[in-house]
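S.K.: Provided herewith: structure11.cif, mmCIF, N, CA and C atoms and all ligand atoms.
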```cif
data_entry
#
loop_
_atom_site.label_atom_id
_atom_site.label_comp_id
_atom_site.auth_asym_id
_atom_site.auth_seq_id
_atom_site.Cartn_x
_atom_site.Cartn_y
_atom_site.Cartn_z
N MET A 809 102.94 113.37 110.64
CA MET A 809 103.12 113.24 109.19
C MET A 809 101.87 112.58 108.59
N ASP A 810 101.52 113.04 107.43
CA ASP A 810 100.34 112.50 106.73
C ASP A 810 100.80 111.54 105.63
N ILE A 811 99.85 110.81 105.10
CA ILE A 811 100.15 109.83 104.05
C ILE A 811 99.27 110.10 102.83
N ILE A 812 99.88 110.16 101.66
CA ILE A 812 99.12 110.10 100.41
C ILE A 812 99.42 108.75 99.79
N TYR A 813 98.37 108.04 99.39
CA TYR A 813 98.60 106.69 98.87
C TYR A 813 98.05 106.52 97.46
N LEU A 814 98.56 105.50 96.85
CA LEU A 814 98.19 105.16 95.46
C LEU A 814 98.17 103.64 95.42
N ASN A 815 97.01 103.07 95.15
CA ASN A 815 96.89 101.61 95.22
C ASN A 815 96.51 100.98 93.88
N ALA A 816 97.02 99.79 93.68
CA ALA A 816 96.63 98.94 92.54
C ALA A 816 96.90 99.59 91.18
N LEU A 817 98.05 100.27 91.08
CA LEU A 817 98.47 100.82 89.78
C LEU A 817 99.09 99.69 88.96
N LYS A 818 98.43 99.33 87.87
CA LYS A 818 98.89 98.22 87.02
C LYS A 818 99.76 98.76 85.90
N ILE A 819 100.94 98.15 85.72
CA ILE A 819 101.86 98.57 84.67
C ILE A 819 102.44 97.33 83.98
N GLU A 820 102.50 97.38 82.66
CA GLU A 820 103.08 96.29 81.87
C GLU A 820 104.58 96.54 81.69
N THR A 821 105.38 95.49 81.95
CA THR A 821 106.83 95.67 81.85
C THR A 821 107.53 94.34 81.64
N VAL A 822 108.79 94.41 81.22
CA VAL A 822 109.64 93.21 81.18
C VAL A 822 110.22 93.03 82.58
N ILE A 823 109.93 91.87 83.20
CA ILE A 823 110.42 91.61 84.57
C ILE A 823 110.54 90.11 84.76
N GLY A 824 111.67 89.66 85.28
CA GLY A 824 111.80 88.23 85.56
C GLY A 824 113.19 87.71 85.27
N VAL A 825 113.48 86.55 85.88
CA VAL A 825 114.83 85.98 85.78
C VAL A 825 114.95 84.92 84.69
N TYR A 826 113.84 84.41 84.22
CA TYR A 826 113.90 83.29 83.27
C TYR A 826 113.89 83.80 81.82
N ASP A 827 114.47 83.00 80.92
CA ASP A 827 114.59 83.42 79.52
C ASP A 827 113.24 83.81 78.93
N TRP A 828 112.20 82.99 79.20
CA TRP A 828 110.89 83.29 78.62
C TRP A 828 110.32 84.61 79.11
N GLU A 829 110.74 85.00 80.30
CA GLU A 829 110.23 86.26 80.85
C GLU A 829 110.88 87.49 80.21
N ARG A 830 112.03 87.26 79.58
CA ARG A 830 112.71 88.38 78.92
C ARG A 830 112.09 88.70 77.56
N GLN A 831 111.21 87.76 77.10
CA GLN A 831 110.61 87.91 75.76
C GLN A 831 109.23 88.54 75.79
N ILE A 832 108.66 88.70 76.98
CA ILE A 832 107.26 89.16 77.09
C ILE A 832 107.15 90.32 78.08
N LYS A 833 105.97 90.95 78.05
CA LYS A 833 105.66 91.91 79.10
C LYS A 833 104.69 91.27 80.08
N GLN A 834 104.89 91.55 81.36
CA GLN A 834 104.00 91.06 82.41
C GLN A 834 103.48 92.25 83.21
N THR A 835 102.39 91.99 83.91
CA THR A 835 101.80 93.06 84.71
C THR A 835 102.38 93.05 86.12
N VAL A 836 102.80 94.23 86.58
CA VAL A 836 103.11 94.39 88.00
C VAL A 836 102.08 95.37 88.57
N VAL A 837 101.79 95.19 89.84
CA VAL A 837 100.78 96.03 90.50
C VAL A 837 101.44 96.73 91.69
N LEU A 838 101.28 98.03 91.70
CA LEU A 838 102.01 98.86 92.65
C LEU A 838 101.07 99.51 93.66
N ASP A 839 101.44 99.35 94.95
CA ASP A 839 100.77 100.10 96.03
C ASP A 839 101.83 100.98 96.68
N LEU A 840 101.52 102.26 96.83
CA LEU A 840 102.47 103.20 97.45
C LEU A 840 101.82 103.92 98.61
N ALA A 841 102.58 104.12 99.68
CA ALA A 841 102.20 105.05 100.74
C ALA A 841 103.35 106.04 100.87
N MET A 842 103.02 107.34 100.76
CA MET A 842 104.06 108.37 100.71
C MET A 842 103.80 109.40 101.81
N ALA A 843 104.83 109.59 102.65
CA ALA A 843 104.68 110.56 103.73
C ALA A 843 104.74 111.98 103.17
N THR A 844 103.89 112.82 103.70
CA THR A 844 103.88 114.22 103.30
C THR A 844 103.15 115.00 104.39
N ASP A 845 103.13 116.30 104.24
CA ASP A 845 102.37 117.14 105.17
C ASP A 845 101.29 117.84 104.35
N ILE A 846 100.05 117.50 104.57
CA ILE A 846 98.98 118.03 103.72
C ILE A 846 98.39 119.34 104.24
N ARG A 847 98.89 119.85 105.36
CA ARG A 847 98.20 120.98 106.00
C ARG A 847 98.18 122.25 105.16
N GLN A 848 99.29 122.53 104.47
CA GLN A 848 99.32 123.73 103.62
C GLN A 848 98.26 123.62 102.52
N ALA A 849 98.24 122.48 101.85
CA ALA A 849 97.27 122.31 100.77
C ALA A 849 95.84 122.34 101.29
N ALA A 850 95.63 121.82 102.48
CA ALA A 850 94.28 121.83 103.07
C ALA A 850 93.84 123.24 103.41
N THR A 851 94.82 124.12 103.59
CA THR A 851 94.50 125.53 103.88
C THR A 851 94.26 126.31 102.59
N THR A 852 95.14 126.08 101.59
CA THR A 852 95.06 126.89 100.36
C THR A 852 94.13 126.28 99.31
N ASP A 853 93.93 124.97 99.39
CA ASP A 853 93.13 124.23 98.39
C ASP A 853 93.76 124.31 97.00
N ARG A 854 95.12 124.35 96.97
CA ARG A 854 95.83 124.45 95.70
C ARG A 854 96.66 123.19 95.44
N ILE A 855 96.58 122.63 94.24
CA ILE A 855 97.33 121.41 93.88
C ILE A 855 98.84 121.65 93.98
N GLU A 856 99.27 122.89 93.73
CA GLU A 856 100.71 123.21 93.80
C GLU A 856 101.28 123.03 95.21
N ASP A 857 100.42 122.99 96.20
CA ASP A 857 100.88 122.91 97.59
C ASP A 857 100.87 121.49 98.14
N THR A 858 100.69 120.52 97.28
CA THR A 858 100.64 119.15 97.78
C THR A 858 101.41 118.20 96.88
N LEU A 859 101.52 116.97 97.31
CA LEU A 859 102.12 115.91 96.50
C LEU A 859 101.06 115.43 95.51
N ASN A 860 101.31 115.68 94.25
CA ASN A 860 100.33 115.37 93.20
C ASN A 860 100.42 113.88 92.84
N TYR A 861 99.45 113.10 93.32
CA TYR A 861 99.52 111.64 93.10
C TYR A 861 99.40 111.29 91.61
N LYS A 862 98.75 112.15 90.85
CA LYS A 862 98.65 111.89 89.41
C LYS A 862 100.02 112.05 88.74
N ALA A 863 100.78 113.04 89.18
CA ALA A 863 102.13 113.25 88.63
C ALA A 863 103.05 112.09 89.02
N VAL A 864 102.91 111.60 90.24
CA VAL A 864 103.71 110.45 90.67
C VAL A 864 103.37 109.23 89.81
N ALA A 865 102.09 108.98 89.63
CA ALA A 865 101.66 107.82 88.83
C ALA A 865 102.18 107.92 87.40
N LYS A 866 102.09 109.11 86.80
CA LYS A 866 102.54 109.30 85.41
C LYS A 866 104.04 109.01 85.29
N ARG A 867 104.81 109.52 86.25
CA ARG A 867 106.27 109.30 86.22
C ARG A 867 106.61 107.82 86.35
N LEU A 868 105.89 107.13 87.25
CA LEU A 868 106.20 105.71 87.47
C LEU A 868 105.75 104.83 86.30
N VAL A 869 104.64 105.17 85.70
CA VAL A 869 104.21 104.41 84.51
C VAL A 869 105.27 104.56 83.41
N GLU A 870 105.76 105.77 83.25
CA GLU A 870 106.78 106.03 82.22
C GLU A 870 108.06 105.23 82.53
N PHE A 871 108.47 105.23 83.80
CA PHE A 871 109.71 104.53 84.17
C PHE A 871 109.55 103.01 84.10
N VAL A 872 108.52 102.51 84.76
CA VAL A 872 108.38 101.05 84.88
C VAL A 872 108.11 100.41 83.52
N SER A 873 107.30 101.04 82.70
CA SER A 873 106.94 100.43 81.42
C SER A 873 108.15 100.33 80.48
N HIS A 874 109.17 101.16 80.72
CA HIS A 874 110.38 101.10 79.88
C HIS A 874 111.54 100.37 80.56
N SER A 875 111.32 99.87 81.77
CA SER A 875 112.39 99.17 82.50
C SER A 875 112.41 97.68 82.11
N ASP A 876 113.52 97.01 82.45
CA ASP A 876 113.60 95.57 82.15
C ASP A 876 114.44 94.84 83.20
N PHE A 877 114.11 95.06 84.46
CA PHE A 877 114.82 94.42 85.56
C PHE A 877 114.52 92.93 85.61
N GLN A 878 115.42 92.20 86.24
CA GLN A 878 115.18 90.78 86.48
C GLN A 878 114.37 90.59 87.77
N LEU A 879 114.78 91.28 88.83
CA LEU A 879 114.17 91.07 90.14
C LEU A 879 113.18 92.17 90.50
N ILE A 880 112.12 91.76 91.20
CA ILE A 880 111.18 92.77 91.70
C ILE A 880 111.84 93.63 92.78
N GLU A 881 112.85 93.09 93.44
CA GLU A 881 113.57 93.87 94.45
C GLU A 881 114.21 95.13 93.83
N THR A 882 114.86 94.93 92.68
CA THR A 882 115.54 96.03 92.01
C THR A 882 114.54 97.09 91.55
N LEU A 883 113.43 96.62 91.01
CA LEU A 883 112.40 97.55 90.54
C LEU A 883 111.81 98.34 91.72
N ALA A 884 111.52 97.66 92.81
CA ALA A 884 110.94 98.35 93.98
C ALA A 884 111.90 99.42 94.52
N GLU A 885 113.18 99.07 94.58
CA GLU A 885 114.19 100.01 95.09
C GLU A 885 114.28 101.24 94.17
N SER A 886 114.23 101.03 92.90
CA SER A 886 114.29 102.14 91.94
C SER A 886 113.07 103.05 92.07
N ILE A 887 111.92 102.44 92.26
CA ILE A 887 110.68 103.23 92.42
C ILE A 887 110.78 104.11 93.67
N ALA A 888 111.24 103.53 94.77
CA ALA A 888 111.38 104.30 96.01
C ALA A 888 112.33 105.48 95.80
N GLU A 889 113.43 105.22 95.13
CA GLU A 889 114.44 106.26 94.88
C GLU A 889 113.87 107.41 94.04
N ILE A 890 113.14 107.08 93.00
CA ILE A 890 112.55 108.10 92.13
C ILE A 890 111.58 108.98 92.89
N VAL A 891 110.68 108.36 93.63
CA VAL A 891 109.65 109.14 94.33
C VAL A 891 110.28 110.03 95.41
N MET A 892 111.25 109.47 96.15
CA MET A 892 111.86 110.25 97.23
C MET A 892 112.66 111.44 96.68
N THR A 893 113.41 111.22 95.62
CA THR A 893 114.28 112.29 95.12
C THR A 893 113.52 113.30 94.24
N GLU A 894 112.65 112.82 93.37
CA GLU A 894 112.01 113.73 92.43
C GLU A 894 110.78 114.43 93.00
N PHE A 895 110.18 113.83 94.05
CA PHE A 895 108.96 114.43 94.62
C PHE A 895 109.14 114.84 96.09
N SER A 896 110.41 114.84 96.54
CA SER A 896 110.72 115.29 97.91
C SER A 896 109.89 114.57 98.97
N VAL A 897 109.78 113.27 98.83
CA VAL A 897 109.06 112.45 99.80
C VAL A 897 110.06 111.89 100.80
N PRO A 898 109.90 112.17 102.10
CA PRO A 898 110.90 111.73 103.08
C PRO A 898 110.81 110.26 103.48
N TRP A 899 109.63 109.67 103.26
CA TRP A 899 109.43 108.25 103.64
C TRP A 899 108.45 107.64 102.65
N ILE A 900 108.73 106.41 102.25
CA ILE A 900 107.83 105.71 101.33
C ILE A 900 107.75 104.23 101.66
N ARG A 901 106.56 103.70 101.44
CA ARG A 901 106.35 102.24 101.51
C ARG A 901 105.93 101.82 100.11
N VAL A 902 106.70 100.91 99.55
CA VAL A 902 106.41 100.41 98.19
C VAL A 902 106.05 98.92 98.29
N GLN A 903 104.86 98.58 97.83
CA GLN A 903 104.49 97.17 97.70
C GLN A 903 104.36 96.86 96.22
N LEU A 904 105.18 95.93 95.76
CA LEU A 904 105.20 95.57 94.35
C LEU A 904 104.72 94.14 94.21
N ASN A 905 103.57 93.98 93.56
CA ASN A 905 102.96 92.66 93.39
C ASN A 905 103.19 92.16 91.97
N LYS A 906 103.45 90.86 91.86
CA LYS A 906 103.60 90.24 90.54
C LYS A 906 102.55 89.12 90.44
N PRO A 907 101.39 89.45 89.90
CA PRO A 907 100.29 88.47 89.86
C PRO A 907 100.64 87.26 89.00
N GLY A 908 100.26 86.07 89.48
CA GLY A 908 100.40 84.86 88.69
C GLY A 908 101.81 84.33 88.57
N ALA A 909 102.76 84.89 89.30
CA ALA A 909 104.15 84.46 89.16
C ALA A 909 104.39 83.08 89.77
N VAL A 910 103.58 82.73 90.76
CA VAL A 910 103.70 81.40 91.39
C VAL A 910 102.36 80.69 91.28
N ARG A 911 102.40 79.51 90.67
CA ARG A 911 101.16 78.75 90.48
C ARG A 911 100.50 78.48 91.84
N GLY A 912 99.22 78.78 91.92
CA GLY A 912 98.48 78.54 93.17
C GLY A 912 98.41 79.75 94.07
N ALA A 913 99.24 80.75 93.78
CA ALA A 913 99.19 81.98 94.58
C ALA A 913 98.60 83.10 93.74
N ARG A 914 97.79 83.96 94.35
CA ARG A 914 97.23 85.09 93.60
C ARG A 914 98.35 86.01 93.11
N ASP A 915 99.24 86.33 94.02
CA ASP A 915 100.38 87.16 93.63
C ASP A 915 101.52 86.94 94.61
N VAL A 916 102.68 87.37 94.22
CA VAL A 916 103.84 87.39 95.11
C VAL A 916 104.40 88.81 95.02
N GLY A 917 105.31 89.14 95.89
CA GLY A 917 105.82 90.49 95.80
C GLY A 917 106.79 90.85 96.89
N VAL A 918 107.06 92.14 96.95
CA VAL A 918 108.00 92.67 97.93
C VAL A 918 107.42 93.94 98.52
N ILE A 919 107.71 94.15 99.79
CA ILE A 919 107.31 95.38 100.47
C ILE A 919 108.57 96.00 101.06
N ILE A 920 108.82 97.26 100.70
CA ILE A 920 109.99 97.94 101.28
C ILE A 920 109.55 99.29 101.86
N GLU A 921 110.26 99.71 102.88
CA GLU A 921 110.07 101.04 103.43
C GLU A 921 111.42 101.73 103.42
N ARG A 922 111.44 102.97 102.93
CA ARG A 922 112.69 103.73 102.85
C ARG A 922 112.48 105.14 103.40
N GLY A 923 113.53 105.69 103.97
CA GLY A 923 113.47 107.03 104.52
C GLY A 923 112.94 107.06 105.93
N LYS A 924 112.63 108.27 106.40
CA LYS A 924 112.18 108.45 107.79
C LYS A 924 110.86 109.21 107.81
N GLN A 925 109.95 108.74 108.63
CA GLN A 925 108.71 109.49 108.88
C GLN A 925 109.02 110.52 109.95
N SER A 926 108.89 111.79 109.62
CA SER A 926 109.23 112.79 110.64
C SER A 926 107.97 113.33 111.31
N1 LIG A 1001 112.84 87.18 95.66
C1 LIG A 1001 112.54 86.94 94.35
N2 LIG A 1001 112.30 85.69 93.95
C2 LIG A 1001 112.01 85.46 92.67
C3 LIG A 1001 111.92 86.50 91.74
C4 LIG A 1001 112.17 87.82 92.20
O1 LIG A 1001 112.11 88.82 91.44
N3 LIG A 1001 112.48 88.01 93.50
N4 LIG A 1001 111.58 86.24 90.44
C5 LIG A 1001 111.33 85.02 90.03
C6 LIG A 1001 110.87 84.75 88.65
O2 LIG A 1001 111.08 85.85 87.79
C7 LIG A 1001 109.39 84.40 88.76
O3 LIG A 1001 108.62 85.55 89.07
C8 LIG A 1001 108.83 83.77 87.52
O4 LIG A 1001 107.68 83.07 87.83
C9 LIG A 1001 111.43 83.85 90.90
N5 LIG A 1001 111.77 84.18 92.26
#
```
Show this structure as structure tokens.

M.R.:
Amino acid sequence: MDIIYLNALKIETVIGVYDWERQIKQTVVLDLAMATDIRQAATTDRIEDTLNYKAVAKRLVEFVSHSDFQLIETLAESIAEIVMTEFSVPWIRVQLNKPGAVRGARDVGVIIERGKQS
């Protein structure tokens, strides 16, 4: 199985458990690794034959920027579900970073893996 990845996608959204966090937008940073088989596309050289990372990014920017979850866990799980179901991805690794959420740390976040690498 091959991997198509998308790193450091920054999206502004409402995210957090505290009252002040419900009033503002904060930046989350997304790293994705998505299992796929690139051999057909490598043979045909056609975008229709592969997982279009630009289409994935556009869908996630649209979803995340309009979401208002409290926990990064919930957001990460939703992102995995969208990519797997809408883009036929059998396995995904989602790393969701929340920069500046903890004083003294560059970022905090969650890493989840869903599905099976075949
Ligand atoms: N496991 C988690 N811990 C915390 C979260 C979270 O989403 N998952 N969120 C917060 C606050 O929103 C924090 O980011 C504000 O600084 C605290 N802990």

S.K.: So that I can check the surroundings of A:Thr844, please list as a ChimeraX atom specification every protein, DNA and RNA residue that reaches within 8 Å of it, counting all atoms listed in the file and ignoring chain neighbours fewer than 6 positions away.

M.R.: /A:809-812,858-859,896-899,925-926

S.K.: Atoms to include: N, CA and C atoms. Write the selected residues as a PDB file, keeping the file's coordinate frame.

M.R.:
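Result written to again_17.pdb:
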```
ATOM      1  N   MET A 809     102.940 113.370 110.640  1.00  0.00           N
ATOM      2  CA  MET A 809     103.120 113.240 109.190  1.00  0.00           C
ATOM      3  C   MET A 809     101.870 112.580 108.590  1.00  0.00           C
ATOM      4  N   ASP A 810     101.520 113.040 107.430  1.00  0.00           N
ATOM      5  CA  ASP A 810     100.340 112.500 106.730  1.00  0.00           C
ATOM      6  C   ASP A 810     100.800 111.540 105.630  1.00  0.00           C
ATOM      7  N   ILE A 811      99.850 110.810 105.100  1.00  0.00           N
ATOM      8  CA  ILE A 811     100.150 109.830 104.050  1.00  0.00           C
ATOM      9  C   ILE A 811      99.270 110.100 102.830  1.00  0.00           C
ATOM     10  N   ILE A 812      99.880 110.160 101.660  1.00  0.00           N
ATOM     11  CA  ILE A 812      99.120 110.100 100.410  1.00  0.00           C
ATOM     12  C   ILE A 812      99.420 108.750  99.790  1.00  0.00           C
ATOM     13  N   THR A 858     100.690 120.520  97.280  1.00  0.00           N
ATOM     14  CA  THR A 858     100.640 119.150  97.780  1.00  0.00           C
ATOM     15  C   THR A 858     101.410 118.200  96.880  1.00  0.00           C
ATOM     16  N   LEU A 859     101.520 116.970  97.310  1.00  0.00           N
ATOM     17  CA  LEU A 859     102.120 115.910  96.500  1.00  0.00           C
ATOM     18  C   LEU A 859     101.060 115.430  95.510  1.00  0.00           C
ATOM     19  N   SER A 896     110.410 114.840  96.540  1.00  0.00           N
ATOM     20  CA  SER A 896     110.720 115.290  97.910  1.00  0.00           C
ATOM     21  C   SER A 896     109.890 114.570  98.970  1.00  0.00           C
ATOM     22  N   VAL A 897     109.780 113.270  98.830  1.00  0.00           N
ATOM     23  CA  VAL A 897     109.060 112.450  99.800  1.00  0.00           C
ATOM     24  C   VAL A 897     110.060 111.890 100.800  1.00  0.00           C
ATOM     25  N   PRO A 898     109.900 112.170 102.100  1.00  0.00           N
ATOM     26  CA  PRO A 898     110.900 111.730 103.080  1.00  0.00           C
ATOM     27  C   PRO A 898     110.810 110.260 103.480  1.00  0.00           C
ATOM     28  N   TRP A 899     109.630 109.670 103.260  1.00  0.00           N
ATOM     29  CA  TRP A 899     109.430 108.250 103.640  1.00  0.00           C
ATOM     30  C   TRP A 899     108.450 107.640 102.650  1.00  0.00           C
ATOM     31  N   GLN A 925     109.950 108.740 108.630  1.00  0.00           N
ATOM     32  CA  GLN A 925     108.710 109.490 108.880  1.00  0.00           C
ATOM     33  C   GLN A 925     109.020 110.520 109.950  1.00  0.00           C
ATOM     34  N   SER A 926     108.890 111.790 109.620  1.00  0.00           N
ATOM     35  CA  SER A 926     109.230 112.790 110.640  1.00  0.00           C
ATOM     36  C   SER A 926     107.970 113.330 111.310  1.00  0.00           C
TER      37      SER A 926
END
```

S.K.: Within 9 Å of ligand LIG 1001 (chain A), which residues show up when you count only C-alpha atoms and all ligand atoms? List them as a ChimeraX atom specification, please.

M.R.: /A:823-826,829,877-883,906-911,916-918

S.K.: Quick one: pick out all strand (DSSP E or B) residues within chain A from a backbone DSSP run and write them as a PyMOL selection string.

M.R.: chain A and resi 810-821+834-844+899-907+915-923

S.K.: Which residues in stretch 859-902 of chain A does DSSP call helix (DSSP H, G or I)? List them as an MDAnalysis selection string.

M.R.: chainID A and resid 861:874 880:894

S.K.: Between atom CA of A:Lys818 and atom CA of A:Arg847, measure the distance and give it in Å to one decimal.

M.R.: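 Atom CA of A:Arg847 lies 29.6 Å from atom CA of A:Lys818.
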
S.K.: Would you please work out which residue, of A:Ala863, A:Glu856, A:Asp827, A:Ala884, is nearest to A:Asn905 when using only C-alpha atoms?

M.R.: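 Checking each candidate against A:Asn905, we get A:Ala884 as the closest.
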
S.K.: Can you work out the spacing between atom C of A:Ala913 and atom N of A:Phe871 in Å, to one decimal?

M.R.: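 Spanning atom C of A:Ala913 to atom N of A:Phe871 is a straight-line distance of 26.2 Å.
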
S.K.: Between A:His874, A:Lys833, A:Arg922, A:Arg914, which one has atoms that come closest to A:Val902, using only C-alpha atoms?

M.R.: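 Closest to A:Val902, using only C-alpha atoms: A:Arg922.
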
S.K.: Would you list the residues near (101.3, 93.6, 83.6) (no more than 6 Å away, in the coordinates of the file, using all atoms listed in the file) as a list in words?

M.R.: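 Output: Lys818, Ile819, Glu820, Thr821, Lys833, Gln834, Thr835 and Val836 of chain A.
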
S.K.: To one decimal place in Å, what is the distance between atom CA of A:Val869 and atom CA of A:Ile832?

M.R.: 17.2 Å

S.K.: Considering only C-alpha atoms, return as number ranges by chain whatever protein or nucleic-acid residues lie within 6 Å of A:Arg901, sequence-local ones (same chain, fewer than 3 positions apart) excluded.

M.R.: A: 840-841, 920-921

S.K.: Given 4 Å of margin on each side, can you work out the centre and size in Å (one decimal) of an axis-aligned box holding every listed atom of stretch 890-897 of chain A, as AutoDock Vina command-line options?

M.R.:
```
--center_x 111.6 --center_y 111.2 --center_z 96.5 --size_x 13.3 --size_y 16.2 --size_z 16.7
```

S.K.: Can you work out which one of A:Glu894, A:Asp915, A:Asp876, A:Glu885 has the shortest atom-to-atom distance to A:Arg830, counting only N, CA and C atoms?

M.R.: A:Asp876
